[in-house]
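Visitor: Encoded as structure tokens, here's the structure I'll be asking about.
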Amino acid sequence: MIQVRVPPKLLQVSGALLVALAVSEGFVGVAEPPIPGDVPTFGYGATTHADGSPVRRGERIDPVQALGLLLEDANAHAAAVVRCAGAPLYQHEFDAYTQLAYNIGEAGFCRSSIPKKLAAGDYVAACATILDYVCGPAKEHERVTTPGERCYRAPHQAPKKVIPGLENRRSKEFRQCMGVQHG
């Protein structure tokens, strides 16, 4: 198979992307925060309903509804990648960036350094940036990070820590971005 990077507007959500999102997120039928301090999610990581209203703790969704919402959400996050990437991409790169945007939000992806790295043609550095998104909320009593550490936080910010599940997810997304099929 010949692979060619194409403008992102020519790419779309792939079946492989939907499966990867469903597996990464896992199905939850009753809304709850995935980690302490986070917003409630249900289905396959949805934080909002199709109408844009926020998911509230305790709300229920069935698997069929959740798959429909997953497709809608994946398309919305893919649109952010199209809008912000600014460089031709392989499908596997597009899928990896869309997975990241799905998890960190459209604005988070667009504000990241990935679009600038892509615009500069530094595809490896852009893929490697995925590995930076492994931090999540920590409790006040947990060890506070210091400058130079992976999850450093400024004194006015909430404490953060490395979340092992995010490390695993980002490692898979990075490998996908780099075109590595398994491992």
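Going through the structure tokens in order, the chains are called A, B, and so on, while each chain numbers its residues from 1 and the ligands are numbered from 1 in the order shown.
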Residues within 9 Å of stretch 18-23 of chain A, please, as a short mmCIF file (atom, residue, chain, number, x, y, z; two decimals) with N, CA and C atoms, in the first residue's frame. Count only C-alpha atoms; anything in the same chain fewer than 3 positions from it doesn't count.
Guide:
data_model
loop_
_atom_site.label_atom_id
_atom_site.label_comp_id
_atom_site.auth_asym_id
_atom_site.auth_seq_id
_atom_site.Cartn_x
_atom_site.Cartn_y
_atom_site.Cartn_z
N VAL A 13 -12.87 10.52 9.76
CA VAL A 13 -12.82 9.55 10.84
C VAL A 13 -12.86 8.15 10.24
N SER A 14 -11.89 7.34 10.62
CA SER A 14 -11.81 5.97 10.10
C SER A 14 -12.44 5.00 11.09
N GLY A 15 -12.76 3.82 10.60
CA GLY A 15 -13.26 2.77 11.48
C GLY A 15 -12.24 2.42 12.54
N GLY A 26 -13.43 2.89 26.86
CA GLY A 26 -14.25 1.90 27.55
C GLY A 26 -15.68 2.41 27.69
N PHE A 27 -16.63 1.50 27.76
CA PHE A 27 -18.03 1.89 27.88
C PHE A 27 -18.41 2.01 29.35
N GLY A 43 -20.93 6.64 28.36
CA GLY A 43 -20.73 6.09 27.03
C GLY A 43 -19.26 5.80 26.83
N TYR A 44 -18.69 6.39 25.78
CA TYR A 44 -17.28 6.22 25.47
C TYR A 44 -16.53 7.52 25.71
N GLY A 45 -16.65 8.03 26.94
CA GLY A 45 -15.92 9.23 27.33
C GLY A 45 -16.62 10.53 27.02
N LEU A 67 -22.54 4.71 20.97
CA LEU A 67 -21.80 4.62 19.71
C LEU A 67 -22.15 5.77 18.77
N LEU A 70 -20.39 8.73 20.13
CA LEU A 70 -18.96 8.59 19.86
C LEU A 70 -18.64 9.05 18.44
N LEU A 71 -19.43 8.64 17.47
CA LEU A 71 -19.20 9.05 16.09
C LEU A 71 -19.34 10.57 15.94
N ALA A 74 -16.31 12.14 17.67
CA ALA A 74 -15.09 11.91 16.90
C ALA A 74 -15.05 12.84 15.69
N GLN A 99 -7.54 11.25 18.21
CA GLN A 99 -7.68 10.60 19.52
C GLN A 99 -7.21 11.53 20.63
N TYR A 102 -9.72 14.26 21.12
CA TYR A 102 -10.90 13.71 21.79
C TYR A 102 -10.69 13.70 23.29
#
Visitor: Would you please extract all helix (DSSP H, G or I) residues from stretch 17-115 of chain A, as assigned by DSSP on the backbone, and give them as an mmCIF file with C-alpha atoms, in the first residue's frame?
Guide:
data_model
loop_
_atom_site.group_PDB
_atom_site.id
_atom_site.type_symbol
_atom_site.label_atom_id
_atom_site.label_comp_id
_atom_site.auth_asym_id
_atom_site.auth_seq_id
_atom_site.Cartn_x
_atom_site.Cartn_y
_atom_site.Cartn_z
ATOM 1 C CA LEU A 17 -10.133 5.457 14.912
ATOM 2 C CA LEU A 18 -13.611 4.686 16.255
ATOM 3 C CA VAL A 19 -12.497 1.276 17.503
ATOM 4 C CA ALA A 20 -9.384 2.791 19.134
ATOM 5 C CA LEU A 21 -11.486 5.452 20.880
ATOM 6 C CA ALA A 22 -14.024 2.892 22.080
ATOM 7 C CA VAL A 23 -11.276 0.639 23.439
ATOM 8 C CA SER A 24 -9.324 3.521 25.033
ATOM 9 C CA GLU A 25 -12.369 5.064 26.658
ATOM 10 C CA PRO A 63 -24.354 1.155 24.104
ATOM 11 C CA VAL A 64 -26.196 1.992 20.865
ATOM 12 C CA GLN A 65 -26.752 5.619 21.891
ATOM 13 C CA ALA A 66 -23.146 5.778 23.083
ATOM 14 C CA LEU A 67 -21.797 4.619 19.713
ATOM 15 C CA GLY A 68 -23.825 7.289 17.924
ATOM 16 C CA LEU A 69 -22.508 9.929 20.299
ATOM 17 C CA LEU A 70 -18.961 8.592 19.856
ATOM 18 C CA LEU A 71 -19.202 9.055 16.088
ATOM 19 C CA GLU A 72 -20.556 12.606 16.478
ATOM 20 C CA ASP A 73 -17.840 13.490 19.000
ATOM 21 C CA ALA A 74 -15.092 11.911 16.900
ATOM 22 C CA ASN A 75 -16.219 13.937 13.874
ATOM 23 C CA ALA A 76 -16.219 17.160 15.923
ATOM 24 C CA HIS A 77 -12.704 16.509 17.221
ATOM 25 C CA ALA A 78 -11.516 15.494 13.750
ATOM 26 C CA ALA A 79 -12.803 18.855 12.507
ATOM 27 C CA ALA A 80 -10.519 20.562 15.029
ATOM 28 C CA VAL A 81 -7.548 18.585 13.704
ATOM 29 C CA VAL A 82 -8.500 19.616 10.153
ATOM 30 C CA ARG A 83 -8.812 23.259 11.259
ATOM 31 C CA CYS A 84 -5.591 23.418 13.255
ATOM 32 C CA ALA A 85 -3.125 20.874 11.837
ATOM 33 C CA GLN A 91 -4.413 8.764 7.908
ATOM 34 C CA HIS A 92 -2.636 7.178 10.889
ATOM 35 C CA GLU A 93 -1.302 10.594 11.999
ATOM 36 C CA PHE A 94 -4.755 12.121 11.599
ATOM 37 C CA ASP A 95 -6.264 9.304 13.664
ATOM 38 C CA ALA A 96 -3.677 9.717 16.435
ATOM 39 C CA TYR A 97 -4.187 13.490 16.624
ATOM 40 C CA THR A 98 -7.954 13.059 16.611
ATOM 41 C CA GLN A 99 -7.677 10.597 19.521
ATOM 42 C CA LEU A 100 -5.579 13.135 21.422
ATOM 43 C CA ALA A 101 -8.040 15.948 20.645
ATOM 44 C CA TYR A 102 -10.901 13.707 21.789
ATOM 45 C CA ASN A 103 -9.192 13.318 25.145
ATOM 46 C CA ILE A 104 -7.718 16.799 25.756
ATOM 47 C CA GLU A 106 -10.436 20.646 20.621
ATOM 48 C CA ALA A 107 -9.003 23.835 22.127
ATOM 49 C CA GLY A 108 -6.296 21.847 23.913
ATOM 50 C CA PHE A 109 -5.171 20.306 20.648
ATOM 51 C CA CYS A 110 -5.257 23.602 18.755
ATOM 52 C CA ARG A 111 -3.318 25.418 21.522
ATOM 53 C CA ILE A 114 1.595 20.172 17.556
ATOM 54 C CA PRO A 115 0.165 22.500 14.859
#
Visitor: Any idea what the distance is between atom CA of A:Pro164 and atom CA of A:Val55?
Guide: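 Result for atom CA of A:Pro164 versus atom CA of A:Val55: 25.0 Å, one decimal.
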Visitor: So that I can see what lies close to A:Val4, please list as a PyMOL selection string the residues with an atom at most 9 Å from it, counting only C-alpha atoms and leaving out residues fewer than 6 positions away in the same chain.
Guide: chain A and resi 88-91
Visitor: What is the distance between atom CA of A:Asn168 and atom CA of A:Asp122, in Å to one decimal?
Guide: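 Distance reported for this atom pair: 23.6 Å.
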Visitor: Have a look at A:Pro36, A:Thr129, A:Pro7, A:Ile163 and name the one nearest to A:Met178; count only C-alpha atoms.
Guide: A:Thr129
Visitor: Which of these, A:Gln12, A:Gln176, A:Gln157, A:Thr48, has the shortest distance to A:Ala128 once you count only C-alpha atoms?
Guide: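 Of the candidates, the smallest distance to A:Ala128 is held by A:Gln176.
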Visitor: If DSSP is run on the backbone, what residues of stretch 3-121 of chain A are strand (DSSP E or B)? A reply as a ChimeraX atom specification would be ideal.
Guide: /A:6,28-32,41-43,46,48,54,60,89
Visitor: For the selection just defined, write its residues with N, CA and C atoms to a file, as a PDB file, in the first residue's frame.
Guide:
ATOM      1  N   VAL A   6      -1.811  13.795   2.841  1.00  0.00           N
ATOM      2  CA  VAL A   6      -2.774  14.619   2.121  1.00  0.00           C
ATOM      3  C   VAL A   6      -3.266  15.732   3.043  1.00  0.00           C
ATOM      4  N   VAL A  28     -19.072   3.117  29.671  1.00  0.00           N
ATOM      5  CA  VAL A  28     -19.620   3.343  31.010  1.00  0.00           C
ATOM      6  C   VAL A  28     -21.076   3.742  30.816  1.00  0.00           C
ATOM      7  N   GLY A  29     -21.995   2.968  31.370  1.00  0.00           N
ATOM      8  CA  GLY A  29     -23.417   3.222  31.188  1.00  0.00           C
ATOM      9  C   GLY A  29     -23.995   4.295  32.088  1.00  0.00           C
ATOM     10  N   VAL A  30     -23.326   4.560  33.218  1.00  0.00           N
ATOM     11  CA  VAL A  30     -23.803   5.570  34.163  1.00  0.00           C
ATOM     12  C   VAL A  30     -22.702   6.617  34.322  1.00  0.00           C
ATOM     13  N   ALA A  31     -23.069   7.878  34.146  1.00  0.00           N
ATOM     14  CA  ALA A  31     -22.081   8.960  34.180  1.00  0.00           C
ATOM     15  C   ALA A  31     -21.415   9.090  35.542  1.00  0.00           C
ATOM     16  N   GLU A  32     -20.075   9.196  35.489  1.00  0.00           N
ATOM     17  CA  GLU A  32     -19.262   9.430  36.677  1.00  0.00           C
ATOM     18  C   GLU A  32     -17.930  10.004  36.212  1.00  0.00           C
ATOM     19  N   THR A  41     -18.352  11.588  32.795  1.00  0.00           N
ATOM     20  CA  THR A  41     -18.441  11.098  31.419  1.00  0.00           C
ATOM     21  C   THR A  41     -19.327   9.865  31.417  1.00  0.00           C
ATOM     22  N   PHE A  42     -19.876   9.570  30.244  1.00  0.00           N
ATOM     23  CA  PHE A  42     -20.586   8.306  30.067  1.00  0.00           C
ATOM     24  C   PHE A  42     -20.412   7.846  28.638  1.00  0.00           C
ATOM     25  N   GLY A  43     -20.931   6.641  28.363  1.00  0.00           N
ATOM     26  CA  GLY A  43     -20.727   6.085  27.027  1.00  0.00           C
ATOM     27  C   GLY A  43     -19.257   5.801  26.829  1.00  0.00           C
ATOM     28  N   ALA A  46     -17.900  10.502  26.680  1.00  0.00           N
ATOM     29  CA  ALA A  46     -18.619  11.732  26.346  1.00  0.00           C
ATOM     30  C   ALA A  46     -18.798  12.607  27.585  1.00  0.00           C
ATOM     31  N   THR A  48     -20.450  15.646  27.008  1.00  0.00           N
ATOM     32  CA  THR A  48     -21.652  16.407  26.640  1.00  0.00           C
ATOM     33  C   THR A  48     -22.608  15.521  25.847  1.00  0.00           C
ATOM     34  N   PRO A  54     -24.013  19.569  29.230  1.00  0.00           N
ATOM     35  CA  PRO A  54     -23.056  18.703  29.933  1.00  0.00           C
ATOM     36  C   PRO A  54     -23.705  17.433  30.482  1.00  0.00           C
ATOM     37  N   ARG A  60     -27.771   8.044  32.501  1.00  0.00           N
ATOM     38  CA  ARG A  60     -27.550   6.734  31.878  1.00  0.00           C
ATOM     39  C   ARG A  60     -27.567   6.854  30.352  1.00  0.00           C
ATOM     40  N   LEU A  89      -1.210  15.194   6.206  1.00  0.00           N
ATOM     41  CA  LEU A  89      -1.059  14.106   7.172  1.00  0.00           C
ATOM     42  C   LEU A  89      -1.345  12.766   6.512  1.00  0.00           C
TER      43      LEU A  89
END
Visitor: How many Å separate atom CA of A:Gly165 from atom CA of A:Arg56?
Guide: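 Between these atoms lies a distance of 23.3 Å.
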Visitor: Tell me which of A:Ala87, A:Leu166, A:Cys177, A:Leu11 sits closest to A:Ala119, counting only C-alpha atoms.
Guide: A:Ala87
Visitor: So which one's closest to A:Leu118, A:Gly86, A:Tyr133, A:Pro34, A:Ala158? Using only C-alpha atoms, please.
Guide: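 So, comparing all the options, the nearest one is A:Gly86.
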